[in-house]
>>> print(open('entry-v3.cif').read())   # mmCIF, C-alpha atoms
data_entry
#
loop_
_atom_site.label_atom_id
_atom_site.label_comp_id
_atom_site.auth_asym_id
_atom_site.auth_seq_id
_atom_site.Cartn_x
_atom_site.Cartn_y
_atom_site.Cartn_z
CA MET A 1 0.00 0.00 0.00
CA SER A 2 1.08 3.59 -0.45
CA GLY A 3 1.87 5.80 2.49
CA ILE A 4 0.74 9.41 2.94
CA ALA A 5 1.53 12.06 5.51
CA GLY A 6 1.20 15.80 5.91
CA ILE A 7 0.64 18.88 8.05
CA ALA A 8 -1.82 21.73 7.52
CA ALA A 9 0.95 24.32 7.51
CA ALA A 10 3.50 25.60 5.04
CA GLY A 11 7.23 25.15 5.52
CA ARG A 12 7.07 21.76 7.23
CA ARG A 13 9.10 19.72 4.72
CA ALA A 14 11.53 18.44 7.34
CA ASP A 15 8.71 17.19 9.55
CA VAL A 16 6.86 15.51 6.69
CA ASP A 17 10.11 13.93 5.51
CA LYS A 18 10.52 12.48 9.00
CA MET A 19 6.95 11.18 8.95
CA LEU A 20 7.48 9.48 5.60
CA ALA A 21 10.72 7.92 6.81
CA ALA A 22 8.72 6.15 9.55
CA ILE A 23 6.45 4.55 6.92
CA GLY A 24 8.94 4.19 4.08
CA HIS A 25 8.21 0.46 3.95
CA ARG A 26 4.85 1.31 2.41
CA GLY A 27 6.49 2.28 -0.88
CA SER A 28 9.99 2.09 -2.28
CA ALA A 29 9.16 3.02 -5.89
CA GLY A 30 8.77 6.74 -5.29
CA ARG A 31 8.68 9.46 -2.66
CA THR A 32 7.77 13.14 -2.72
CA VAL A 33 7.10 16.07 -0.41
CA PHE A 34 5.55 19.27 -1.72
CA GLU A 35 3.88 22.42 -0.48
CA VAL A 36 0.50 23.82 -1.43
CA PRO A 37 -1.18 26.90 0.04
CA GLY A 38 -1.57 26.18 3.75
CA ALA A 39 -0.22 22.62 3.78
CA THR A 40 2.85 20.41 3.33
CA LEU A 41 2.00 17.00 1.85
CA GLY A 42 4.00 13.86 1.19
CA ALA A 43 3.65 10.33 -0.15
CA VAL A 44 5.56 7.12 -0.82
CA TRP A 45 4.25 4.53 -3.25
CA THR A 46 4.82 1.09 -4.73
CA THR A 47 5.39 0.16 -8.35
CA ALA A 48 2.00 -1.56 -8.43
CA GLN A 49 0.16 1.59 -7.36
CA GLY A 50 2.09 4.23 -9.26
CA ASP A 51 2.48 7.84 -8.22
CA SER A 52 0.18 8.55 -5.27
CA ALA A 53 0.87 12.30 -5.20
CA GLN A 54 -0.84 14.87 -7.39
CA PRO A 55 0.72 18.27 -6.65
CA GLU A 56 -1.38 19.98 -9.29
CA ALA A 57 -4.54 18.83 -7.49
CA ALA A 58 -3.04 19.36 -4.00
CA LEU A 59 -3.80 15.70 -3.24
CA VAL A 60 -2.03 12.64 -1.84
CA GLN A 61 -3.70 9.26 -1.56
CA ASP A 62 -3.28 5.61 -0.72
CA TYR A 63 -5.30 3.91 -3.45
CA ALA A 64 -5.71 0.27 -2.43
CA GLY A 65 -8.14 -0.83 -5.15
CA GLU A 66 -11.65 -0.17 -6.42
CA GLY A 67 -13.37 2.01 -3.81
CA HIS A 68 -10.54 1.51 -1.28
CA PHE A 69 -8.57 4.64 -0.48
CA ALA A 70 -7.30 7.13 2.05
CA GLN A 71 -6.62 10.63 0.82
CA ALA A 72 -5.78 14.13 1.92
CA GLY A 73 -6.11 17.32 -0.07
CA LEU A 74 -7.39 20.86 -0.10
CA ALA A 75 -11.13 21.43 -0.24
CA ASP A 76 -12.34 25.03 -0.16
CA GLY A 77 -8.89 26.04 0.99
CA LYS A 78 -8.89 23.67 3.96
CA LEU A 79 -6.95 20.42 4.38
CA THR A 80 -9.52 17.62 4.34
CA LEU A 81 -9.01 13.91 5.02
CA ARG A 82 -11.19 11.20 3.51
CA ARG A 83 -11.30 7.43 4.03
CA ASP A 84 -13.05 4.69 2.06
CA PRO A 85 -16.44 3.34 3.21
CA LEU A 86 -15.10 0.20 4.93
CA GLY A 87 -11.67 1.43 6.00
CA VAL A 88 -9.57 -0.86 3.81
CA ALA A 89 -6.91 1.85 3.63
CA PRO A 90 -5.76 3.22 7.02
CA LEU A 91 -5.69 6.90 8.01
CA TYR A 92 -4.94 8.66 11.30
CA TYR A 93 -4.79 12.28 12.38
CA GLY A 94 -3.82 14.57 15.23
CA ARG A 95 -2.69 18.12 15.94
CA THR A 96 0.78 19.51 16.30
CA ASP A 97 1.85 21.53 19.34
CA GLY A 98 0.95 24.59 17.31
CA GLY A 99 -2.56 23.27 16.64
CA ALA A 100 -2.11 22.34 12.97
CA LEU A 101 -3.95 19.29 11.64
CA CYS A 102 -1.56 16.47 10.73
CA PHE A 103 -2.20 13.02 9.25
CA ALA A 104 -0.49 9.77 8.25
CA SER A 105 -1.19 6.24 7.07
CA GLU A 106 0.22 4.73 10.27
CA VAL A 107 0.30 5.85 13.88
CA LYS A 108 4.10 5.62 14.10
CA ALA A 109 4.47 8.48 11.62
CA LEU A 110 2.57 10.82 13.95
CA LEU A 111 4.60 10.10 17.07
CA GLY A 112 6.60 13.16 18.04
CA ILE A 113 4.50 15.29 15.68
CA ALA A 114 0.97 15.02 17.09
CA ARG A 115 -0.13 15.57 20.68
CA GLU A 116 -2.73 12.82 20.38
CA VAL A 117 -3.61 10.32 17.66
CA HIS A 118 -7.09 9.49 16.37
CA GLU A 119 -8.43 7.30 13.60
CA VAL A 120 -10.35 8.73 10.67
CA GLU A 121 -13.44 6.54 10.75
CA PRO A 122 -14.43 4.60 7.61
CA GLY A 123 -16.86 6.39 5.34
CA CYS A 124 -15.96 9.79 6.76
CA SER A 125 -14.22 12.98 5.72
CA HIS A 126 -12.52 15.12 8.36
CA ASP A 127 -11.37 18.72 8.19
CA GLY A 128 -9.72 18.77 11.59
CA ALA A 129 -12.77 20.28 13.27
CA ALA A 130 -15.40 17.63 12.70
CA ALA A 131 -16.02 14.36 10.89
CA GLN A 132 -18.65 14.25 8.16
CA PRO A 133 -20.00 10.77 7.38
CA TYR A 134 -20.71 10.15 3.71
CA TYR A 135 -21.40 6.39 3.90
CA GLN A 136 -22.87 3.99 6.43
CA LEU A 137 -23.42 0.24 6.23
CA ARG A 138 -27.15 -0.37 6.40
CA LYS A 139 -29.45 -3.36 6.26
CA GLN A 140 -30.95 -3.70 2.77
CA ALA A 141 -34.22 -5.10 1.54
CA PRO A 142 -33.50 -8.78 0.74
CA LEU A 143 -33.51 -10.11 -2.79
CA THR A 144 -36.39 -12.35 -3.83
CA ASP A 145 -34.56 -14.08 -6.69
CA PRO A 146 -34.05 -17.87 -6.54
CA PRO A 147 -30.71 -19.11 -5.21
CA GLU A 148 -29.39 -20.18 -8.63
CA SER A 149 -29.85 -16.64 -9.92
CA VAL A 150 -28.29 -15.07 -6.83
CA ALA A 151 -25.29 -17.44 -6.94
CA GLY A 152 -24.71 -16.62 -10.60
CA GLU A 153 -24.85 -12.86 -10.06
CA LEU A 154 -22.57 -13.10 -7.02
CA ARG A 155 -19.99 -15.02 -9.06
CA ARG A 156 -20.17 -12.45 -11.88
CA ARG A 157 -19.62 -9.57 -9.48
CA LEU A 158 -16.68 -11.32 -7.86
CA GLU A 159 -15.15 -12.07 -11.27
CA LYS A 160 -15.46 -8.43 -12.32
CA ALA A 161 -14.01 -7.26 -9.00
CA VAL A 162 -11.00 -9.53 -9.45
CA ALA A 163 -10.49 -8.36 -13.03
CA ARG A 164 -10.51 -4.71 -11.94
CA CYS A 165 -7.51 -5.39 -9.67
CA ILE A 166 -5.31 -7.02 -12.31
CA GLY A 167 -2.88 -4.81 -14.19
CA LYS A 168 -0.19 -7.34 -15.07
CA GLN A 169 0.13 -10.99 -16.02
CA GLU A 170 1.93 -12.16 -12.88
CA VAL A 171 0.31 -11.67 -9.47
CA GLY A 172 0.04 -13.49 -6.16
CA SER A 173 -2.65 -14.69 -3.80
CA TRP A 174 -2.60 -15.59 -0.13
CA LEU A 175 -4.11 -19.08 -0.13
CA SER A 176 -4.96 -20.59 3.24
CA GLY A 177 -7.02 -23.37 1.70
CA GLY A 178 -10.15 -21.94 3.31
CA LEU A 179 -13.17 -21.15 1.18
CA ASP A 180 -12.67 -17.38 0.90
CA SER A 181 -9.03 -17.30 -0.17
CA SER A 182 -9.63 -20.28 -2.48
CA VAL A 183 -12.55 -18.51 -4.18
CA ILE A 184 -10.51 -15.40 -4.93
CA THR A 185 -7.45 -17.39 -6.03
CA ALA A 186 -9.53 -19.50 -8.40
CA LEU A 187 -11.19 -16.45 -9.94
CA ALA A 188 -7.88 -14.66 -10.36
CA ARG A 189 -6.26 -17.62 -12.11
CA ALA A 190 -8.34 -17.13 -15.23
CA HIS A 191 -7.08 -13.57 -15.72
CA VAL A 192 -3.31 -13.96 -15.51
CA GLN A 193 -0.54 -15.92 -17.16
CA THR A 194 1.19 -16.73 -13.86
CA LEU A 195 -0.50 -16.87 -10.47
CA HIS A 196 1.65 -17.48 -7.41
CA SER A 197 -0.17 -18.81 -4.36
CA PHE A 198 1.27 -18.67 -0.84
CA ALA A 199 0.29 -20.74 2.19
CA GLY A 200 1.89 -20.83 5.61
CA GLY A 201 1.63 -22.66 8.89
CA LEU A 202 3.30 -25.06 11.26
CA ALA A 203 4.29 -28.47 9.91
CA GLY A 204 1.16 -30.58 9.53
CA ALA A 205 -1.21 -27.59 9.73
CA PRO A 206 -4.61 -28.10 8.07
CA ASP A 207 -4.14 -24.98 5.94
CA LEU A 208 -1.11 -26.44 4.21
CA ALA A 209 -2.92 -29.56 3.05
CA TYR A 210 -6.06 -27.74 1.89
CA ALA A 211 -3.99 -25.06 0.13
CA GLN A 212 -2.05 -27.72 -1.78
CA GLU A 213 -5.32 -29.31 -2.88
CA ALA A 214 -6.68 -25.97 -4.07
CA ALA A 215 -3.42 -25.00 -5.79
CA ARG A 216 -3.27 -28.26 -7.75
CA PHE A 217 -6.86 -27.78 -8.91
CA ILE A 218 -6.34 -24.13 -9.83
CA ARG A 219 -2.88 -24.80 -11.32
CA SER A 220 -1.10 -21.99 -9.51
CA GLU A 221 2.62 -21.83 -8.80
CA HIS A 222 2.35 -22.74 -5.17
CA HIS A 223 4.73 -21.74 -2.38
CA GLU A 224 4.53 -23.31 1.09
CA ILE A 225 6.03 -21.50 4.07
CA VAL A 226 6.47 -23.83 7.05
CA VAL A 227 7.05 -21.89 10.26
CA THR A 228 7.98 -22.77 13.82
CA LEU A 229 7.28 -21.27 17.23
CA ARG A 230 10.83 -19.91 17.15
CA ASP A 231 10.12 -18.19 13.82
CA MET A 232 7.00 -16.56 15.21
CA LEU A 233 8.66 -15.38 18.41
CA ALA A 234 11.58 -13.97 16.41
CA ALA A 235 9.18 -12.04 14.18
CA LEU A 236 6.98 -10.84 17.07
CA PRO A 237 8.67 -7.44 17.70
CA GLU A 238 8.49 -6.50 14.01
CA VAL A 239 4.94 -7.76 13.65
CA ILE A 240 3.74 -5.67 16.59
CA TYR A 241 5.69 -2.65 15.33
CA HIS A 242 4.01 -2.84 11.92
CA LEU A 243 0.62 -3.94 13.25
CA GLU A 244 0.50 -1.23 15.95
CA SER A 245 -1.60 -3.43 18.20
CA PHE A 246 -1.32 -5.88 21.08
CA ASP A 247 -4.81 -7.36 20.63
CA ALA A 248 -4.20 -11.04 21.30
CA LEU A 249 -6.16 -12.63 18.47
CA LEU A 250 -5.07 -9.98 15.98
CA VAL A 251 -1.37 -10.46 16.76
CA ARG A 252 -1.74 -14.23 16.80
CA SER A 253 -3.24 -14.28 13.32
CA SER A 254 -0.80 -11.66 12.01
CA LEU A 255 2.35 -13.63 12.80
CA ASN A 256 1.78 -16.26 10.13
CA ASN A 257 0.32 -13.69 7.72
CA TYR A 258 3.43 -11.53 8.13
CA LEU A 259 5.82 -14.41 7.40
CA VAL A 260 3.79 -15.48 4.35
CA ALA A 261 3.76 -11.88 3.07
CA LYS A 262 7.52 -11.68 3.50
CA ALA A 263 7.95 -14.76 1.31
CA ALA A 264 5.45 -13.49 -1.26
CA ALA A 265 7.39 -10.24 -1.72
CA ASP A 266 10.23 -12.25 -3.29
CA TYR A 267 7.96 -13.11 -6.23
CA VAL A 268 5.23 -10.48 -6.68
CA ASP A 269 4.32 -6.90 -5.78
CA GLN A 270 0.60 -7.45 -5.29
CA VAL A 271 -1.51 -10.21 -3.75
CA PHE A 272 -5.15 -11.12 -3.39
CA SER A 273 -6.68 -11.63 0.05
CA GLY A 274 -9.92 -13.39 0.98
CA GLU A 275 -10.68 -11.02 3.87
CA GLY A 276 -14.31 -9.98 4.27
CA GLY A 277 -16.00 -13.17 3.07
CA ASP A 278 -16.87 -14.41 6.56
CA GLU A 279 -18.46 -11.11 7.50
CA LEU A 280 -20.53 -10.69 4.36
CA PHE A 281 -21.65 -14.31 4.01
CA ALA A 282 -21.89 -15.53 7.63
CA GLY A 283 -18.80 -17.70 8.01
CA TYR A 284 -18.39 -17.78 11.79
CA ASP A 285 -19.72 -20.62 13.95
CA TYR A 286 -21.46 -18.43 16.52
CA LEU A 287 -23.70 -16.88 13.85
CA ALA A 288 -25.64 -20.12 13.50
CA GLY A 289 -26.88 -19.69 17.08
CA LEU A 290 -28.38 -16.26 16.49
CA PRO A 291 -32.09 -15.77 15.81
CA ARG A 292 -32.46 -15.45 12.05
CA ALA A 293 -33.98 -11.97 12.44
CA GLU A 294 -30.73 -10.74 14.05
CA LEU A 295 -28.29 -12.14 11.50
CA ALA A 296 -28.29 -9.25 9.03
CA ASP A 297 -27.63 -6.70 11.79
CA GLU A 298 -24.81 -8.82 13.22
CA LEU A 299 -23.15 -9.16 9.81
CA ILE A 300 -23.25 -5.40 9.37
CA ASP A 301 -21.75 -4.95 12.83
CA ILE A 302 -18.81 -7.28 12.28
CA THR A 303 -18.20 -5.94 8.76
CA GLY A 304 -18.06 -2.46 10.23
CA ARG A 305 -15.42 -3.58 12.75
CA LEU A 306 -12.98 -4.86 10.14
CA HIS A 307 -11.19 -1.55 9.61
CA ASN A 308 -9.08 -1.65 12.77
CA THR A 309 -8.86 -5.40 13.22
CA ALA A 310 -8.64 -7.86 10.31
CA LEU A 311 -8.20 -5.22 7.62
CA GLN A 312 -5.44 -3.67 9.67
CA ARG A 313 -3.72 -7.07 9.68
CA VAL A 314 -4.01 -7.33 5.90
CA ASP A 315 -2.77 -3.80 5.33
CA ARG A 316 0.20 -3.94 7.71
CA CYS A 317 1.38 -7.44 6.77
CA ALA A 318 1.34 -6.45 3.10
CA SER A 319 2.75 -2.94 3.54
CA ALA A 320 5.58 -4.12 5.77
CA HIS A 321 7.00 -5.86 2.68
CA GLY A 322 6.00 -3.33 0.03
CA LEU A 323 3.03 -5.35 -1.22
CA VAL A 324 -0.38 -4.18 -2.35
CA ALA A 325 -3.19 -6.42 -1.04
CA HIS A 326 -6.48 -6.55 -2.96
CA VAL A 327 -9.52 -7.26 -0.77
CA VAL A 328 -11.99 -8.37 -3.43
CA PHE A 329 -14.90 -9.37 -1.18
CA LEU A 330 -15.10 -5.74 -0.07
CA ASP A 331 -15.31 -4.34 -3.58
CA PRO A 332 -18.24 -1.86 -3.50
CA GLN A 333 -20.25 -3.80 -6.08
CA VAL A 334 -19.80 -7.05 -4.16
CA VAL A 335 -20.66 -5.47 -0.82
CA ASP A 336 -23.77 -3.83 -2.25
CA TYR A 337 -25.02 -7.17 -3.55
CA GLY A 338 -23.90 -9.12 -0.51
CA LEU A 339 -25.94 -6.92 1.82
CA ARG A 340 -29.06 -7.76 -0.20
CA ILE A 341 -28.61 -11.54 -0.18
CA PRO A 342 -31.20 -13.06 2.21
CA PRO A 343 -29.90 -14.51 5.50
CA GLU A 344 -31.36 -17.93 4.63
CA TYR A 345 -29.07 -18.07 1.58
CA LYS A 346 -26.03 -17.37 3.74
CA LEU A 347 -26.82 -19.86 6.50
CA HIS A 348 -28.75 -22.72 4.94
CA GLU A 349 -29.50 -25.97 6.77
CA GLY A 350 -26.48 -25.50 9.00
CA VAL A 351 -24.08 -24.71 6.15
CA GLU A 352 -22.32 -21.36 6.50
CA LYS A 353 -21.63 -19.25 3.37
CA TRP A 354 -23.98 -21.57 1.49
CA ILE A 355 -24.62 -19.15 -1.39
CA LEU A 356 -20.90 -18.56 -1.91
CA ARG A 357 -20.33 -22.31 -2.08
CA ARG A 358 -23.13 -22.57 -4.65
CA ALA A 359 -21.55 -19.77 -6.68
CA MET A 360 -18.28 -21.71 -6.93
CA THR A 361 -19.58 -25.22 -7.54
CA GLY A 362 -17.30 -26.93 -10.05
CA ARG A 363 -14.62 -24.26 -9.74
CA LEU A 364 -12.94 -25.65 -6.63
CA PRO A 365 -12.24 -29.18 -5.40
CA GLU A 366 -15.04 -30.61 -3.30
CA GLY A 367 -12.87 -30.91 -0.18
CA VAL A 368 -12.06 -27.20 -0.24
CA LEU A 369 -15.57 -26.21 -1.25
CA ALA A 370 -17.02 -28.08 1.74
CA ARG A 371 -14.35 -27.02 4.27
CA LYS A 372 -15.73 -25.43 7.44
CA LYS A 373 -14.39 -22.13 8.72
CA ALA A 374 -11.12 -22.26 10.64
CA LYS A 375 -9.78 -19.06 12.16
CA PHE A 376 -6.55 -17.86 10.58
CA TRP A 377 -4.36 -18.98 13.48
CA GLN A 378 -6.24 -22.26 13.92
CA GLY A 379 -5.85 -23.30 10.30
CA ALA A 380 -2.16 -22.41 10.44
CA GLY A 381 -1.74 -24.88 13.29
CA VAL A 382 -0.89 -22.22 15.87
CA GLY A 383 -3.77 -23.13 18.14
CA GLU A 384 -2.91 -22.29 21.76
CA LEU A 385 0.84 -22.56 21.18
CA LEU A 386 1.47 -18.86 21.80
CA ALA A 387 -0.90 -18.77 24.77
CA ASP A 388 0.94 -21.71 26.31
CA HIS A 389 4.28 -19.98 25.76
CA ALA A 390 2.99 -16.81 27.46
CA ALA A 391 1.72 -18.86 30.41
CA GLN A 392 5.23 -20.22 30.92
CA GLN A 393 6.83 -16.77 30.68
CA ILE A 394 4.44 -14.70 32.83
CA SER A 395 3.70 -15.47 36.46
CA ASP A 396 0.26 -15.11 38.00
CA GLY A 397 1.59 -12.31 40.19
CA ASP A 398 2.99 -10.32 37.25
CA PHE A 399 -0.24 -10.79 35.33
CA SER A 400 -2.29 -9.51 38.26
CA ARG A 401 -0.07 -6.44 38.69
CA GLN A 402 0.45 -5.53 35.04
CA ARG A 403 -2.87 -6.28 33.35
CA HIS A 404 -4.47 -2.88 34.17
CA LEU A 405 -3.29 -0.26 31.66
CA PRO A 406 -2.87 3.51 32.22
CA ASN A 407 -5.77 4.30 29.86
CA GLY A 408 -8.22 2.16 31.86
CA TRP A 409 -8.16 -0.98 29.69
CA THR A 410 -7.73 -4.41 31.25
CA LEU A 411 -5.73 -7.11 29.50
CA ASN A 412 -7.65 -10.37 29.32
CA THR A 413 -4.91 -12.98 29.05
CA LYS A 414 -1.23 -13.58 29.68
CA GLU A 415 -0.80 -13.86 25.93
CA GLU A 416 -2.12 -10.32 25.54
CA LEU A 417 0.22 -9.10 28.29
CA MET A 418 3.13 -10.71 26.44
CA TYR A 419 2.20 -8.74 23.33
CA TYR A 420 1.60 -5.56 25.33
CA ARG A 421 5.11 -5.72 26.78
CA VAL A 422 6.55 -5.81 23.26
CA PHE A 423 4.23 -2.98 22.22
CA ARG A 424 5.50 -0.82 25.09
CA GLU A 425 9.10 -1.49 24.03
CA ARG A 426 8.38 -0.44 20.44
CA PHE A 427 6.09 2.46 21.34
CA PRO A 428 7.27 3.87 24.69
CA GLY A 429 5.08 6.59 26.16
CA LEU A 430 2.12 5.91 23.87
CA GLU A 431 -0.73 5.64 26.37
CA GLU A 432 -3.72 7.16 24.54
CA LEU A 433 -5.08 4.23 22.52
CA ASP A 434 -8.57 5.25 21.38
CA TRP A 435 -7.50 4.60 17.78
CA MET A 436 -6.74 0.92 18.44
CA GLY A 437 -9.31 -1.77 17.65
CA ARG A 438 -10.12 -4.77 19.83
CA THR A 439 -11.35 -8.08 18.44
CA LYS A 440 -15.00 -8.80 19.11
CA GLY A 441 -15.38 -12.02 21.08
CA ALA A 442 -11.79 -12.03 22.34
CA PRO A 443 -10.97 -14.45 25.20
CA VAL A 444 -12.42 -13.51 28.57
CA ALA A 445 -10.19 -12.44 31.43
CA GLN A 446 -8.06 -15.09 33.09
CA ALA A 447 -8.14 -15.39 36.85
CA PRO A 448 -4.74 -14.41 38.30
#
>>> encode(input="entry-v3.cif", output="structure tokens")
Amino acid sequence: MSGIAGIAAAGRRADVDKMLAAIGHRGSAGRTVFEVPGATLGAVWTTAQGDSAQPEAALVQDYAGEGHFAQAGLADGKLTLRRDPLGVAPLYYGRTDGGALCFASEVKALLGIAREVHEVEPGCSHDGAAAQPYYQLRKQAPLTDPPESVAGELRRRLEKAVARCIGKQEVGSWLSGGLDSSVITALARAHVQTLHSFAGGLAGAPDLAYAQEAARFIRSEHHEIVVTLRDMLAALPEVIYHLESFDALLVRSSLNNYLVAKAAADYVDQVFSGEGGDELFAGYDYLAGLPRAELADELIDITGRLHNTALQRVDRCASAHGLVAHVVFLDPQVVDYGLRIPPEYKLHEGVEKWILRRAMTGRLPEGVLARKKAKFWQGAGVGELLADHAAQQISDGDFSRQRHLPNGWTLNTKEELMYYRVFRERFPGLEELDWMGRTKGAPVAQAP
């Protein structure tokens, strides 16, 4: 992904240069800082995205795909920030000691520049004084078409969304062997000459076997990254630095994703991700226990939470290695249609994502097509390995004393405390955390 930064004041090139240096990993193909009336703006970008700065339009942007962006530019003479409807591209803001609005793609770029850091909410523009929503996820009137028709239209929209992301004949795809990543990988294969697929996990992990099955069927050039606990612990400081979070489930799932992204960067500069499929099409186990009348509202809620949890993982794991990640399920045309698909087509006779499976019948091997949802870290074979390691490293007494944070939050598990300790080492003095997301349904507090 590209990286953008700036300050609503002239003559701040040195400061914006410093901000861009903190997020230089987001783009090695180009870098610029320029002044416009009342603002100093800067950007770094990747080869896949091209120049993200438009001095003539007084605009810088992180364009992450169709309808996915974060941008900053002058509107009516005032610096205005704008973020895409679902928050696929990150954007944060604050104020300098002198009161000037400042912004950046990652929190780390604002440290030492801004007094406090806040997140620009998805679907909002912000002029430094107030946020103005321009989009909100809402429950839609359900379609009345038969399932065969709905499945066909869903497949067509996904195919078009994939095609819109492809600008070259060699791309990559993160392939866990789960339904969502397999769907996107299969659809992408038809549009390129060479498709590299990448799967990672501990030796014997379920994801590795399912990914191999899918890759053989799709005929991708498949790359398997086998990791160990030692690999994950060695990568932990860098993962937390890039992720900017100590949320236990988010860090746990990011470790494998980060190592897979690192390997992918040796072959491609852009990858497809299956993120968003579970939220749009009801892929989580707990959803089956909800009253049917509540399902649509719950799916909107968890889709709306993606911006500072799972989508943050996708963005930071890709950007850390100069990759662009395409999140096809969250293409505006797919989301619009997905919100109108009836709940009974998503959860049908106990089968989650039923309509998506129907849409891909014959295009994936039966074993992959029928595979039940496994959380990212479960499928990678991580399980409770990291939690067990934290339990061995942190005493009950230390957990009891250190779990209450200065901002009023309480850490739920020793694993989360382990991650928080690393976070504090990488971000000393950063105590205001209202910009940080927390995973819904995270583990409950452990008794000390």
>>> residues_around(input="entry-v3.cif", residues="His191 in chain A", least_positions_apart="2", cutoff="12 Å", atoms="only C-alpha atoms", output="JSON list (two decimals) with C-alpha atoms, keeping the file's coordinate frame")
[["chain", "number", "residue", "atom", "x", "y", "z"],
["A", 159, "GLU", "CA", -15.15, -12.07, -11.27],
["A", 160, "LYS", "CA", -15.46, -8.43, -12.32],
["A", 161, "ALA", "CA", -14.01, -7.26, -9.00],
["A", 162, "VAL", "CA", -11.00, -9.53, -9.45],
["A", 163, "ALA", "CA", -10.49, -8.36, -13.03],
["A", 164, "ARG", "CA", -10.51, -4.71, -11.94],
["A", 165, "CYS", "CA", -7.51, -5.39, -9.67],
["A", 166, "ILE", "CA", -5.31, -7.02, -12.31],
["A", 167, "GLY", "CA", -2.88, -4.81, -14.19],
["A", 168, "LYS", "CA", -0.19, -7.34, -15.07],
["A", 169, "GLN", "CA", 0.13, -10.99, -16.02],
["A", 170, "GLU", "CA", 1.93, -12.16, -12.88],
["A", 171, "VAL", "CA", 0.31, -11.67, -9.47],
["A", 172, "GLY", "CA", 0.04, -13.49, -6.16],
["A", 184, "ILE", "CA", -10.51, -15.40, -4.93],
["A", 185, "THR", "CA", -7.45, -17.39, -6.03],
["A", 186, "ALA", "CA", -9.53, -19.50, -8.40],
["A", 187, "LEU", "CA", -11.19, -16.45, -9.94],
["A", 188, "ALA", "CA", -7.88, -14.66, -10.36],
["A", 189, "ARG", "CA", -6.26, -17.62, -12.11],
["A", 193, "GLN", "CA", -0.54, -15.92, -17.16],
["A", 194, "THR", "CA", 1.19, -16.73, -13.86],
["A", 195, "LEU", "CA", -0.50, -16.87, -10.47]]
>>> closest_atom_pairs(input="entry-v3.cif", of="range 147-236 of chain A", to="range 386-400 of chain A", cutoff="10 Å", atoms="only C-alpha atoms", output="Markdown table")
| residue | atom | partner | partner_atom | distance |
| --- | --- | --- | --- | --- |
| A:Leu229 | CA | A:Leu386 | CA | 7.8 |
| A:Met232 | CA | A:Leu386 | CA | 8.9 |
| A:Leu233 | CA | A:Leu386 | CA | 8.7 |
>>> resolve_selection(input="entry-v3.cif", expression="the PyMOL selection byres ((chain A and resi 248) around 8)", output="list in words")
Phe246, Asp247, Leu249, Leu250, Val251, Arg252, Glu415, Glu416, Tyr419 and Ala442 of chain A
>>> resolve_selection(input="entry-v3.cif", expression="the PyMOL selection byres ((chain A and resi 338-354) around 6)", output="list of chain:residue names")
A:Gln140, A:Pro142, A:Leu143, A:Phe281, A:Ala282, A:Gly283, A:Val334, A:Val335, A:Asp336, A:Tyr337, A:Ile355, A:Leu356, A:Arg357
>>> write_last_selection(input="entry-v3.cif", atoms="C-alpha atoms", output="mmCIF file, in the frame of the given file")
data_model
loop_
_atom_site.group_PDB
_atom_site.id
_atom_site.type_symbol
_atom_site.label_atom_id
_atom_site.label_comp_id
_atom_site.auth_asym_id
_atom_site.auth_seq_id
_atom_site.Cartn_x
_atom_site.Cartn_y
_atom_site.Cartn_z
ATOM 1 C CA GLN A 140 -30.950 -3.700 2.770
ATOM 2 C CA PRO A 142 -33.500 -8.780 0.740
ATOM 3 C CA LEU A 143 -33.510 -10.110 -2.790
ATOM 4 C CA PHE A 281 -21.650 -14.310 4.010
ATOM 5 C CA ALA A 282 -21.890 -15.530 7.630
ATOM 6 C CA GLY A 283 -18.800 -17.700 8.010
ATOM 7 C CA VAL A 334 -19.800 -7.050 -4.160
ATOM 8 C CA VAL A 335 -20.660 -5.470 -0.820
ATOM 9 C CA ASP A 336 -23.770 -3.830 -2.250
ATOM 10 C CA TYR A 337 -25.020 -7.170 -3.550
ATOM 11 C CA ILE A 355 -24.620 -19.150 -1.390
ATOM 12 C CA LEU A 356 -20.900 -18.560 -1.910
ATOM 13 C CA ARG A 357 -20.330 -22.310 -2.080
#
>>> resolve_selection(input="entry-v3.cif", expression="the PyMOL selection byres ((chain A and resi 306) around 12)", output="ChimeraX atom specification")
/A:85-90,121-122,250,275-280,299-305,307-315,327,330,436-440
>>> axis_aligned_box(input="entry-v3.cif", around="range 15-23 of chain A", padding_each_side="6 Å", output="AutoDock Vina command-line options")
--center_x 8.6 --center_y 10.9 --center_z 7.5 --size_x 16.3 --size_y 24.6 --size_z 16.0
>>> closest_residue(input="entry-v3.cif", among="A:His242, A:Arg403, A:His326, A:His126", to="Val107 in chain A", atoms="all atoms listed in the file")
A:His242
>>> atom_distance(input="entry-v3.cif", atom1="CA of Pro206 in chain A", atom2="CA of Ser273 in chain A")
18.4 Å
>>> closest_residue(input="entry-v3.cif", among="A:Asp266, A:Glu432, A:Glu384, A:Asp76", to="His223 in chain A", atoms="all atoms listed in the file")
A:Asp266
>>> closest_residue(input="entry-v3.cif", among="A:Val368, A:Leu20, A:Ala151, A:Ala8", to="Ala215 in chain A", atoms="all atoms listed in the file")
A:Val368
>>> atom_distance(input="entry-v3.cif", atom1="CA of Leu101 in chain A", atom2="CA of Thr46 in chain A")
26.0 Å
>>> residues_around(input="entry-v3.cif", residues="Val36 in chain A", least_positions_apart="4", cutoff="12 Å", atoms="only C-alpha atoms", output="count of residues only")
24
>>> closest_residue(input="entry-v3.cif", among="A:Leu202, A:Leu243, A:Leu433, A:Ala70", to="Gly408 in chain A", atoms="all atoms listed in the file")
A:Leu433
